$ cat model.csv   # CSV, C-alpha atoms
chain,number,residue,atom,x,y,z
O,1,MET,CA,45.9,54.5,48.7
O,2,ALA,CA,46.2,50.7,48.8
O,3,ARG,CA,46.6,49.1,45.4
O,4,THR,CA,43.8,46.8,44.2
O,5,HIS,CA,45.0,43.5,42.8
O,6,LEU,CA,42.9,42.4,39.9
O,7,LEU,CA,42.8,38.8,38.6
O,8,PRO,CA,43.4,38.3,34.8
O,9,ILE,CA,40.2,38.0,33.0
O,10,SER,CA,40.8,34.4,32.1
O,11,LEU,CA,41.4,33.4,35.7
O,12,LEU,CA,38.4,35.4,36.8
O,13,ALA,CA,36.2,33.6,34.3
O,14,ALA,CA,37.5,30.3,35.5
O,15,ALA,CA,36.8,31.2,39.1
O,16,MET,CA,33.3,32.2,38.2
O,17,LEU,CA,32.7,28.9,36.4
O,18,MET,CA,34.0,26.9,39.4
O,19,LEU,CA,31.7,28.8,41.7
O,20,ALA,CA,28.8,28.2,39.4
O,21,ALA,CA,29.5,24.5,39.3
O,22,CYS,CA,29.8,24.2,43.1
O,23,THR,CA,26.6,26.1,43.8
O,24,GLY,CA,24.5,24.7,40.9
O,25,MET,CA,24.1,28.2,39.5
O,26,ARG,CA,23.8,29.0,35.8
O,27,PRO,CA,26.0,31.7,34.2
O,28,ALA,CA,24.2,35.1,33.9
O,29,ALA,CA,22.4,35.8,30.7
O,30,ASP,CA,25.1,38.1,29.6
O,31,ALA,CA,28.0,35.7,30.4
O,32,PRO,CA,30.5,34.9,27.7
O,33,ILE,CA,29.4,32.2,25.3
O,34,ALA,CA,32.3,30.0,26.4
O,35,ALA,CA,31.0,30.1,30.0
O,36,ARG,CA,27.5,29.2,28.9
O,37,VAL,CA,28.8,26.3,26.8
O,38,ALA,CA,30.9,25.0,29.7
O,39,ALA,CA,27.9,25.1,32.0
O,40,LEU,CA,25.9,22.9,29.6
O,41,THR,CA,28.6,20.3,28.9
O,42,PRO,CA,29.8,17.6,28.9
O,43,ALA,CA,27.0,16.4,26.6
O,44,ASP,CA,26.9,14.0,23.7
O,45,ALA,CA,25.0,16.5,21.6
O,46,LEU,CA,24.4,20.2,21.9
O,47,LEU,CA,21.5,21.5,19.8
O,48,LEU,CA,21.7,25.2,19.1
O,49,GLY,CA,18.3,26.5,17.8
O,50,GLU,CA,18.4,29.8,15.9
O,51,GLN,CA,16.1,32.3,14.3
O,52,HIS,CA,17.5,32.3,10.8
O,53,ASP,CA,17.5,36.0,10.2
O,54,ALA,CA,19.1,37.0,13.5
O,55,ALA,CA,22.7,38.2,13.1
O,56,ASP,CA,23.4,37.8,16.8
O,57,HIS,CA,22.6,34.1,16.5
O,58,HIS,CA,25.2,33.5,13.8
O,59,ARG,CA,27.8,35.3,16.0
O,60,ILE,CA,26.9,33.0,18.9
O,61,GLU,CA,27.1,29.9,16.7
O,62,ARG,CA,30.7,30.9,15.7
O,63,GLU,CA,31.6,31.5,19.3
O,64,THR,CA,30.1,28.2,20.4
O,65,VAL,CA,32.1,26.3,17.8
O,66,GLN,CA,35.2,28.2,18.9
O,67,ALA,CA,34.5,27.4,22.6
O,68,LEU,CA,34.2,23.6,21.9
O,69,VAL,CA,37.3,23.7,19.7
O,70,ASP,CA,39.3,25.5,22.4
O,71,SER,CA,38.3,22.9,25.0
O,72,GLY,CA,39.1,20.0,22.6
O,73,ARG,CA,35.5,18.7,22.9
O,74,LEU,CA,34.1,19.3,19.4
O,75,ALA,CA,33.4,15.9,17.7
O,76,ALA,CA,31.7,17.4,14.7
O,77,LEU,CA,29.6,20.3,13.5
O,78,ALA,CA,26.3,19.2,12.0
O,79,LEU,CA,24.1,21.6,10.1
O,80,GLU,CA,20.4,21.8,9.0
O,81,MET,CA,21.8,24.1,6.3
O,82,ALA,CA,23.4,21.2,4.3
O,83,ASP,CA,22.0,17.8,3.3
O,84,ASP,CA,22.8,14.5,4.8
O,85,GLY,CA,25.7,12.9,2.9
O,86,ARG,CA,27.6,16.1,2.4
O,87,SER,CA,30.7,16.5,4.5
O,88,THR,CA,34.1,18.2,4.8
O,89,ALA,CA,35.6,15.1,6.4
O,90,ASN,CA,37.9,14.5,3.4
O,91,LEU,CA,39.1,18.1,3.2
O,92,PRO,CA,42.4,19.3,4.8
O,93,SER,CA,42.2,21.9,7.5
O,94,GLY,CA,43.7,24.5,5.1
O,95,ALA,CA,40.8,24.0,2.6
O,96,THR,CA,39.5,27.2,0.9
O,97,GLU,CA,36.0,28.4,1.5
O,98,ALA,CA,35.2,27.6,-2.1
O,99,GLN,CA,36.3,24.0,-1.5
O,100,VAL,CA,34.2,23.8,1.7
O,101,ARG,CA,31.1,25.2,0.0
O,102,ALA,CA,31.5,22.6,-2.8
O,103,ALA,CA,31.9,19.7,-0.4
O,104,LEU,CA,28.7,20.8,1.4
O,105,ASP,CA,26.9,21.6,-1.9
O,106,TRP,CA,26.1,24.9,-0.2
O,107,GLN,CA,22.8,26.5,-1.3
O,108,GLU,CA,23.5,30.2,-1.1
O,109,LYS,CA,19.9,31.3,-1.9
O,110,GLY,CA,18.4,29.6,1.2
O,111,TRP,CA,21.4,30.0,3.5
O,112,PRO,CA,23.7,33.0,2.9
O,113,TRP,CA,27.3,31.8,3.4
O,114,ASP,CA,28.2,35.1,5.2
O,115,ASN,CA,25.9,34.0,8.0
O,116,TYR,CA,27.2,30.5,8.5
O,117,GLY,CA,30.7,30.5,6.9
O,118,PRO,CA,32.5,31.9,10.0
O,119,ALA,CA,31.2,29.0,12.2
O,120,VAL,CA,31.9,26.4,9.5
O,121,MET,CA,35.4,27.6,8.9
O,122,VAL,CA,36.3,27.5,12.6
O,123,ALA,CA,35.6,23.8,12.6
O,124,VAL,CA,37.4,23.2,9.3
O,125,ARG,CA,40.5,25.0,10.5
O,126,ALA,CA,40.5,22.9,13.6
O,127,GLY,CA,40.3,19.7,11.6
O,128,VAL,CA,36.8,18.9,12.8
O,129,PRO,CA,34.3,17.5,10.2
O,130,VAL,CA,31.3,19.6,9.2
O,131,LEU,CA,28.4,17.4,8.3
O,132,GLY,CA,25.2,18.0,6.4
O,133,ALA,CA,22.3,16.8,8.5
O,134,ASN,CA,19.1,17.8,6.7
O,135,LEU,CA,16.8,15.4,4.7
O,136,PRO,CA,17.8,15.7,1.0
O,137,ARG,CA,15.1,17.0,-1.3
O,138,SER,CA,15.3,13.8,-3.2
O,139,ARG,CA,14.0,11.9,-0.2
O,140,MET,CA,11.1,14.2,0.6
O,141,LYS,CA,8.6,12.7,-1.7
O,142,ASP,CA,9.1,9.3,-0.1
O,143,ALA,CA,8.8,10.8,3.3
O,144,MET,CA,5.4,12.3,2.4
O,145,ALA,CA,4.0,8.9,1.8
O,146,ASP,CA,5.8,7.1,4.6
O,147,VAL,CA,3.1,6.1,7.1
O,148,SER,CA,5.7,4.8,9.6
O,149,LEU,CA,6.6,8.4,10.3
O,150,ASP,CA,3.2,8.9,11.9
O,151,VAL,CA,4.1,6.8,14.9
O,152,GLN,CA,7.5,8.5,15.5
O,153,LEU,CA,5.8,11.0,17.9
O,154,SER,CA,3.1,10.6,20.4
O,155,GLU,CA,-0.4,11.4,19.3
O,156,LYS,CA,-0.3,14.7,21.3
O,157,ALA,CA,3.1,15.7,19.9
O,158,ARG,CA,2.1,14.7,16.3
O,159,ALA,CA,-1.0,17.0,16.6
O,160,GLN,CA,1.3,19.8,17.9
O,161,GLN,CA,3.7,19.2,14.9
O,162,GLN,CA,0.8,19.4,12.5
O,163,GLU,CA,-0.3,22.7,14.1
O,164,ALA,CA,3.3,24.0,13.8
O,165,VAL,CA,3.3,23.1,10.1
O,166,ARG,CA,0.0,24.8,9.6
O,167,ASP,CA,1.2,28.0,11.4
O,168,GLY,CA,4.6,27.8,9.7
O,169,HIS,CA,2.9,28.0,6.3
O,170,CYS,CA,0.7,30.9,7.5
O,171,ASP,CA,-2.5,28.7,7.0
O,172,LEU,CA,-1.8,28.7,3.3
O,173,LEU,CA,-1.3,24.9,2.9
O,174,PRO,CA,-4.3,22.9,1.6
O,175,ALA,CA,-5.7,20.6,4.3
O,176,ALA,CA,-4.7,17.6,2.4
O,177,GLN,CA,-1.0,18.7,2.5
O,178,ILE,CA,-0.8,19.0,6.3
O,179,LEU,CA,-0.1,15.4,7.0
O,180,PRO,CA,2.4,14.8,4.2
O,181,MET,CA,4.3,18.0,5.2
O,182,THR,CA,4.2,16.9,8.9
O,183,ARG,CA,5.9,13.7,7.8
O,184,VAL,CA,8.6,15.6,6.1
O,185,GLN,CA,9.2,17.7,9.2
O,186,ILE,CA,9.5,14.5,11.3
O,187,ALA,CA,11.8,12.9,8.7
O,188,ARG,CA,14.0,16.0,8.7
O,189,ASP,CA,14.3,15.8,12.5
O,190,ARG,CA,15.1,12.1,12.3
O,191,SER,CA,17.7,12.7,9.7
O,192,MET,CA,19.5,15.3,11.8
O,193,ALA,CA,19.3,12.9,14.8
O,194,GLN,CA,20.9,10.1,12.9
O,195,VAL,CA,23.7,12.3,11.6
O,196,VAL,CA,24.4,13.4,15.2
O,197,LEU,CA,24.4,9.9,16.5
O,198,LYS,CA,26.8,8.6,13.9
O,199,ALA,CA,29.2,11.4,14.7
O,200,ARG,CA,29.4,10.9,18.4
O,201,GLN,CA,32.8,10.4,20.1
O,202,PRO,CA,33.4,9.5,23.7
O,203,GLY,CA,34.0,12.6,25.9
O,204,LYS,CA,33.2,15.0,23.1
O,205,THR,CA,30.2,16.9,21.8
O,206,VAL,CA,28.5,17.0,18.4
O,207,LEU,CA,27.1,20.5,17.8
O,208,LEU,CA,24.0,20.8,15.7
O,209,ILE,CA,23.0,24.2,14.3
O,210,SER,CA,19.3,24.3,13.2
O,211,GLY,CA,16.2,26.4,13.4
O,212,ASN,CA,14.5,26.6,16.8
O,213,ALA,CA,11.8,24.2,15.8
O,214,HIS,CA,14.2,21.3,15.2
O,215,ALA,CA,15.8,21.9,18.6
O,216,LEU,CA,12.5,21.5,20.5
O,217,ARG,CA,12.8,18.7,23.1
O,218,THR,CA,9.1,18.0,22.9
O,219,LEU,CA,8.8,17.7,19.1
O,220,GLY,CA,12.2,17.9,17.3
O,221,VAL,CA,15.5,16.2,17.0
O,222,PRO,CA,15.7,15.1,20.7
O,223,GLN,CA,12.6,12.9,20.2
O,224,HIS,CA,14.6,10.7,17.9
O,225,MET,CA,17.6,10.2,20.2
O,226,PRO,CA,18.1,7.2,22.5
O,227,THR,CA,17.5,7.9,26.1
O,228,ASP,CA,21.1,7.0,27.1
O,229,VAL,CA,22.4,9.9,24.9
O,230,LYS,CA,22.8,13.2,26.7
O,231,VAL,CA,21.2,15.9,24.6
O,232,VAL,CA,21.2,19.5,25.6
O,233,SER,CA,18.9,21.8,23.7
O,234,VAL,CA,19.3,25.6,23.5
O,235,GLN,CA,16.9,28.2,22.1
O,236,MET,CA,18.4,31.4,20.9
O,237,LEU,CA,15.6,34.0,21.3
O,238,ALA,CA,15.6,37.4,19.7
O,239,SER,CA,13.2,39.1,22.1
O,240,ALA,CA,13.0,42.0,24.6
O,241,THR,CA,11.5,39.6,27.1
O,242,VAL,CA,12.4,36.0,28.0
O,243,PRO,CA,11.0,33.4,30.5
O,244,PHE,CA,12.9,33.3,33.8
O,245,ARG,CA,13.9,29.8,33.1
O,246,ALA,CA,13.5,27.4,30.2
O,247,GLY,CA,10.5,25.1,30.2
O,248,PRO,CA,10.2,21.5,28.9
O,249,GLU,CA,10.9,22.7,25.3
O,250,TYR,CA,14.6,23.7,25.9
O,251,ASP,CA,17.3,23.2,28.5
O,252,ALA,CA,18.4,26.8,28.2
O,253,ILE,CA,17.3,30.0,26.5
O,254,TRP,CA,19.9,32.5,25.3
O,255,GLN,CA,18.3,35.9,24.8
O,256,THR,CA,19.5,38.3,22.1
O,257,ALA,CA,18.3,41.8,21.0
O,258,PRO,CA,14.9,41.9,19.4
O,259,LEU,CA,14.6,42.2,15.7
O,260,PRO,CA,12.4,44.8,13.9
O,261,GLU,CA,8.8,43.8,13.5
O,262,GLN,CA,8.2,41.9,10.3
O,263,ASP,CA,5.1,40.2,8.9
O,264,TYR,CA,6.6,37.0,7.4
O,265,CYS,CA,3.2,35.8,6.4
O,266,ALA,CA,2.5,38.9,4.3
O,267,THR,CA,5.7,38.3,2.4
O,268,LEU,CA,4.7,34.6,1.9
O,269,ARG,CA,1.3,35.6,0.6
O,270,LYS,CA,2.8,37.8,-2.0
$ encode --input "model.csv" --output "C-alpha cells"
Amino acid sequence: MARTHLLPISLLAAAMLMLAACTGMRPAADAPIAARVAALTPADALLLGEQHDAADHHRIERETVQALVDSGRLAALALEMADDGRSTANLPSGATEAQVRAALDWQEKGWPWDNYGPAVMVAVRAGVPVLGANLPRSRMKDAMADVSLDVQLSEKARAQQQEAVRDGHCDLLPAAQILPMTRVQIARDRSMAQVVLKARQPGKTVLLISGNAHALRTLGVPQHMPTDVKVVSVQMLASATVPFRAGPEYDAIWQTAPLPEQDYCATLRK
C-alpha cells in the first residue's frame, strides 16, 4: 500500500489561510480562532462582542489575544470590564494576578476574574498593556445631562439605541429615564472608542472585548471611530442557528453552542 504523506498541522493551516486569501473565502465556522483572526486582520481595531455568561466566549477571547500576541500584532487589550484610566502599562510582564487586578481596580462582583483573567494574563505576560475602556461611574451623572451626546448618533440610530436601552432594562425603566440612560450608553461607547484610538500602533491591532451591543457597527463603538480607522467588529453568538453571513451590524459572526433557556427579565424583576 502506498504511504500517504501528511503535512504538519501548522503547514496545513498556513496553506488553508493562503488559499482563503487568494480566493476571497472566509475560514469555516469551525476553523481555529487563529485562522479566523488572520482572516480579519490587519485592522487598527478588532472588536470582539460577547454574551457575558457564555463560557465559550471567554475561551475565544483568550485564544484571540494569544493569536494576536503570537503574530506580534497586539498593540493593546482594551476592556469594557475595567474603567478608563485603569491600566497595566506600568506593570512588569511577570506581575502577579493580584497586582494586575489591583492595577485595573477589578470589580469581581460584576465581572468574575475566572472568566476574563486568562485573556488578560496572556497580554500581560507578553508585555502588552491591558487598558480599562469603560466610562467610570463617577462620570455617568454628567453623561446623563450632557445634551451634546444626543447628536452623536443619527436620529434613526438614536431611536434604536433608546429602544435597546428600554429592552435591556426589561421595560422597567421609567419613561423619564430612557433618554438619560441612552446618553450613558452613548458615552460608554465613546469612551471605549477613545481608549482604542489612543492605543493604536502602526501595523498592529487594538483588541476590545465588550458586550455585543458595544460592538454593533450601527450603534456602538464603531460609530465613534474616524472613517480612516479600519475597525472590524465580531459578534460571538451562542445560538443553535446563525445567519449565513453577517449583516450591517457586524463584519463576522462566530457561533458557539447555545446556552440553556433563561429568563433574565424575571430575575431582574425579582
$ residues_around --input "model.csv" --residues "Val128 in chain O" --least-positions-apart "3" --cutoff "8 Å" --atoms "only C-alpha atoms" --output "list of chain:residue names"
O:Leu74, O:Ala75, O:Ala76, O:Leu77, O:Ala89, O:Ala123, O:Val124, O:Arg125
$ closest_residue --input "model.csv" --among "O:Leu237, O:Val206, O:Val196, O:Ala35" --to "Val221 in chain O" --atoms "only C-alpha atoms"
O:Val196
$ residues_around --input "model.csv" --residues "Thr267 in chain O" --least-positions-apart "5" --cutoff "12 Å" --atoms "all atoms listed in the file" --output "list in words"
His169, Cys170 and Gln262 of chain O
$ residues_near_point --input "model.csv" --point "(2.5, 22.8, 2.2)" --cutoff "8 Å" --atoms "all atoms listed in the file" --output "mmCIF file with C-alpha atoms, in the coordinates of the input"
data_model
loop_
_atom_site.group_PDB
_atom_site.id
_atom_site.type_symbol
_atom_site.label_atom_id
_atom_site.label_comp_id
_atom_site.auth_asym_id
_atom_site.auth_seq_id
_atom_site.Cartn_x
_atom_site.Cartn_y
_atom_site.Cartn_z
ATOM 1 C CA VAL O 165 3.300 23.100 10.100
ATOM 2 C CA HIS O 169 2.900 28.000 6.300
ATOM 3 C CA LEU O 172 -1.800 28.700 3.300
ATOM 4 C CA LEU O 173 -1.300 24.900 2.900
ATOM 5 C CA PRO O 174 -4.300 22.900 1.600
ATOM 6 C CA GLN O 177 -1.000 18.700 2.500
ATOM 7 C CA ILE O 178 -0.800 19.000 6.300
ATOM 8 C CA MET O 181 4.300 18.000 5.200
#
$ residues_around --input "model.csv" --residues "range 150-155 of chain O" --least-positions-apart "4" --cutoff "10 Å" --atoms "only C-alpha atoms" --output "ChimeraX atom specification"
/O:146,159-161,179-180,182-183,186-187,190,218-220,223-224
$ write_last_selection --input "model.csv" --atoms "C-alpha atoms" --output "mmCIF file, in the frame of the given file"
data_model
loop_
_atom_site.group_PDB
_atom_site.id
_atom_site.type_symbol
_atom_site.label_atom_id
_atom_site.label_comp_id
_atom_site.auth_asym_id
_atom_site.auth_seq_id
_atom_site.Cartn_x
_atom_site.Cartn_y
_atom_site.Cartn_z
ATOM 1 C CA ASP O 146 5.800 7.100 4.600
ATOM 2 C CA ALA O 159 -1.000 17.000 16.600
ATOM 3 C CA GLN O 160 1.300 19.800 17.900
ATOM 4 C CA GLN O 161 3.700 19.200 14.900
ATOM 5 C CA LEU O 179 -0.100 15.400 7.000
ATOM 6 C CA PRO O 180 2.400 14.800 4.200
ATOM 7 C CA THR O 182 4.200 16.900 8.900
ATOM 8 C CA ARG O 183 5.900 13.700 7.800
ATOM 9 C CA ILE O 186 9.500 14.500 11.300
ATOM 10 C CA ALA O 187 11.800 12.900 8.700
ATOM 11 C CA ARG O 190 15.100 12.100 12.300
ATOM 12 C CA THR O 218 9.100 18.000 22.900
ATOM 13 C CA LEU O 219 8.800 17.700 19.100
ATOM 14 C CA GLY O 220 12.200 17.900 17.300
ATOM 15 C CA GLN O 223 12.600 12.900 20.200
ATOM 16 C CA HIS O 224 14.600 10.700 17.900
#
$ atom_distance --input "model.csv" --atom1 "CA of Val100 in chain O" --atom2 "CA of Arg62 in chain O"
16.1 Å
$ closest_atom_pairs --input "model.csv" --of "range 19-111 of chain O" --to "range 136-145 of chain O" --cutoff "9 Å" --atoms "all atoms listed in the file" --output "JSON lines"
{"residue": "O:Ala82", "atom": "CA", "partner": "O:Pro136", "partner_atom": "CA", "distance": 8.5}
{"residue": "O:Asp83", "atom": "CA", "partner": "O:Pro136", "partner_atom": "CA", "distance": 5.2}
{"residue": "O:Asp84", "atom": "CA", "partner": "O:Pro136", "partner_atom": "CA", "distance": 6.4}
{"residue": "O:Gly85", "atom": "CA", "partner": "O:Pro136", "partner_atom": "CA", "distance": 8.6}
$ write_last_selection --input "model.csv" --atoms "C-alpha atoms" --output "mmCIF file, in the coordinates of the input"
data_model
loop_
_atom_site.group_PDB
_atom_site.id
_atom_site.type_symbol
_atom_site.label_atom_id
_atom_site.label_comp_id
_atom_site.auth_asym_id
_atom_site.auth_seq_id
_atom_site.Cartn_x
_atom_site.Cartn_y
_atom_site.Cartn_z
ATOM 1 C CA ALA O 82 23.400 21.200 4.300
ATOM 2 C CA ASP O 83 22.000 17.800 3.300
ATOM 3 C CA ASP O 84 22.800 14.500 4.800
ATOM 4 C CA GLY O 85 25.700 12.900 2.900
#
$ atom_distance --input "model.csv" --atom1 "CA of Asp251 in chain O" --atom2 "CA of Val229 in chain O"
14.7 Å
$ atom_distance --input "model.csv" --atom1 "CA of Ala157 in chain O" --atom2 "CA of Thr227 in chain O"
17.5 Å
$ closest_residue --input "model.csv" --among "O:His58, O:Arg158, O:Lys204, O:Arg73" --to "Val120 in chain O" --atoms "only C-alpha atoms"
O:His58
$ closest_residue --input "model.csv" --among "O:Glu249, O:Arg188, O:Arg36, O:Ala43" --to "Ala133 in chain O" --atoms "only C-alpha atoms"
O:Arg188
$ closest_residue --input "model.csv" --among "O:Ala67, O:Ala215, O:Leu259, O:Ala240" --to "Ala193 in chain O" --atoms "all atoms listed in the file"
O:Ala215
$ residues_near_point --input "model.csv" --point "(19.4, 40.0, 17.0)" --cutoff "6 Å" --atoms "all atoms listed in the file" --output "PDB file with C-alpha atoms, in the frame of the given file"
ATOM      1  CA  ALA O  54      19.100  37.000  13.500  1.00  0.00           C
ATOM      2  CA  ALA O  55      22.700  38.200  13.100  1.00  0.00           C
ATOM      3  CA  ASP O  56      23.400  37.800  16.800  1.00  0.00           C
ATOM      4  CA  ALA O 238      15.600  37.400  19.700  1.00  0.00           C
ATOM      5  CA  THR O 256      19.500  38.300  22.100  1.00  0.00           C
ATOM      6  CA  ALA O 257      18.300  41.800  21.000  1.00  0.00           C
ATOM      7  CA  PRO O 258      14.900  41.900  19.400  1.00  0.00           C
ATOM      8  CA  LEU O 259      14.600  42.200  15.700  1.00  0.00           C
TER       9      LEU O 259
END
$ build_atoms --input "model.csv" --residues "range 87-101 of chain O" --atoms "N, CA, C and O atoms" --output "PDB file, in the coordinates of the input"
ATOM      1  N   SER O  87      29.782  16.428   3.396  1.00  0.00           N
ATOM      2  CA  SER O  87      30.700  16.500   4.500  1.00  0.00           C
ATOM      3  C   SER O  87      32.049  17.094   4.072  1.00  0.00           C
ATOM      4  O   SER O  87      32.433  17.007   2.908  1.00  0.00           O
ATOM      5  N   THR O  88      32.728  17.691   5.037  1.00  0.00           N
ATOM      6  CA  THR O  88      34.100  18.200   4.800  1.00  0.00           C
ATOM      7  C   THR O  88      35.145  17.240   5.319  1.00  0.00           C
ATOM      8  O   THR O  88      36.328  17.584   5.375  1.00  0.00           O
ATOM      9  N   ALA O  89      34.732  16.030   5.693  1.00  0.00           N
ATOM     10  CA  ALA O  89      35.600  15.100   6.400  1.00  0.00           C
ATOM     11  C   ALA O  89      36.896  14.786   5.529  1.00  0.00           C
ATOM     12  O   ALA O  89      37.956  14.492   6.092  1.00  0.00           O
ATOM     13  N   ASN O  90      36.793  14.854   4.205  1.00  0.00           N
ATOM     14  CA  ASN O  90      37.900  14.500   3.400  1.00  0.00           C
ATOM     15  C   ASN O  90      38.756  15.743   2.954  1.00  0.00           C
ATOM     16  O   ASN O  90      39.693  15.615   2.156  1.00  0.00           O
ATOM     17  N   LEU O  91      38.413  16.908   3.503  1.00  0.00           N
ATOM     18  CA  LEU O  91      39.100  18.100   3.200  1.00  0.00           C
ATOM     19  C   LEU O  91      40.244  18.362   4.226  1.00  0.00           C
ATOM     20  O   LEU O  91      40.075  18.036   5.403  1.00  0.00           O
ATOM     21  N   PRO O  92      41.362  18.970   3.823  1.00  0.00           N
ATOM     22  CA  PRO O  92      42.400  19.300   4.800  1.00  0.00           C
ATOM     23  C   PRO O  92      41.953  20.568   5.587  1.00  0.00           C
ATOM     24  O   PRO O  92      41.047  21.307   5.171  1.00  0.00           O
ATOM     25  N   SER O  93      42.598  20.803   6.705  1.00  0.00           N
ATOM     26  CA  SER O  93      42.200  21.900   7.500  1.00  0.00           C
ATOM     27  C   SER O  93      42.509  23.277   6.837  1.00  0.00           C
ATOM     28  O   SER O  93      41.930  24.301   7.189  1.00  0.00           O
ATOM     29  N   GLY O  94      43.367  23.256   5.826  1.00  0.00           N
ATOM     30  CA  GLY O  94      43.700  24.500   5.100  1.00  0.00           C
ATOM     31  C   GLY O  94      42.815  24.671   3.856  1.00  0.00           C
ATOM     32  O   GLY O  94      43.117  25.535   3.019  1.00  0.00           O
ATOM     33  N   ALA O  95      41.716  23.930   3.736  1.00  0.00           N
ATOM     34  CA  ALA O  95      40.800  24.000   2.600  1.00  0.00           C
ATOM     35  C   ALA O  95      40.300  25.461   2.419  1.00  0.00           C
ATOM     36  O   ALA O  95      40.078  26.165   3.409  1.00  0.00           O
ATOM     37  N   THR O  96      40.087  25.863   1.174  1.00  0.00           N
ATOM     38  CA  THR O  96      39.500  27.200   0.900  1.00  0.00           C
ATOM     39  C   THR O  96      38.020  27.172   1.187  1.00  0.00           C
ATOM     40  O   THR O  96      37.385  26.111   1.233  1.00  0.00           O
ATOM     41  N   GLU O  97      37.456  28.353   1.345  1.00  0.00           N
ATOM     42  CA  GLU O  97      36.000  28.400   1.500  1.00  0.00           C
ATOM     43  C   GLU O  97      35.276  27.885   0.319  1.00  0.00           C
ATOM     44  O   GLU O  97      34.220  27.253   0.457  1.00  0.00           O
ATOM     45  N   ALA O  98      35.812  28.096  -0.856  1.00  0.00           N
ATOM     46  CA  ALA O  98      35.200  27.600  -2.100  1.00  0.00           C
ATOM     47  C   ALA O  98      35.155  26.037  -2.023  1.00  0.00           C
ATOM     48  O   ALA O  98      34.154  25.405  -2.406  1.00  0.00           O
ATOM     49  N   GLN O  99      36.238  25.423  -1.566  1.00  0.00           N
ATOM     50  CA  GLN O  99      36.300  24.000  -1.500  1.00  0.00           C
ATOM     51  C   GLN O  99      35.288  23.454  -0.420  1.00  0.00           C
ATOM     52  O   GLN O  99      34.637  22.425  -0.623  1.00  0.00           O
ATOM     53  N   VAL O 100      35.167  24.179   0.671  1.00  0.00           N
ATOM     54  CA  VAL O 100      34.200  23.800   1.700  1.00  0.00           C
ATOM     55  C   VAL O 100      32.793  23.896   1.218  1.00  0.00           C
ATOM     56  O   VAL O 100      31.970  22.989   1.419  1.00  0.00           O
ATOM     57  N   ARG O 101      32.484  24.977   0.544  1.00  0.00           N
ATOM     58  CA  ARG O 101      31.100  25.200   0.000  1.00  0.00           C
ATOM     59  C   ARG O 101      30.799  24.066  -1.008  1.00  0.00           C
ATOM     60  O   ARG O 101      29.669  23.560  -1.041  1.00  0.00           O
TER      61      ARG O 101
END
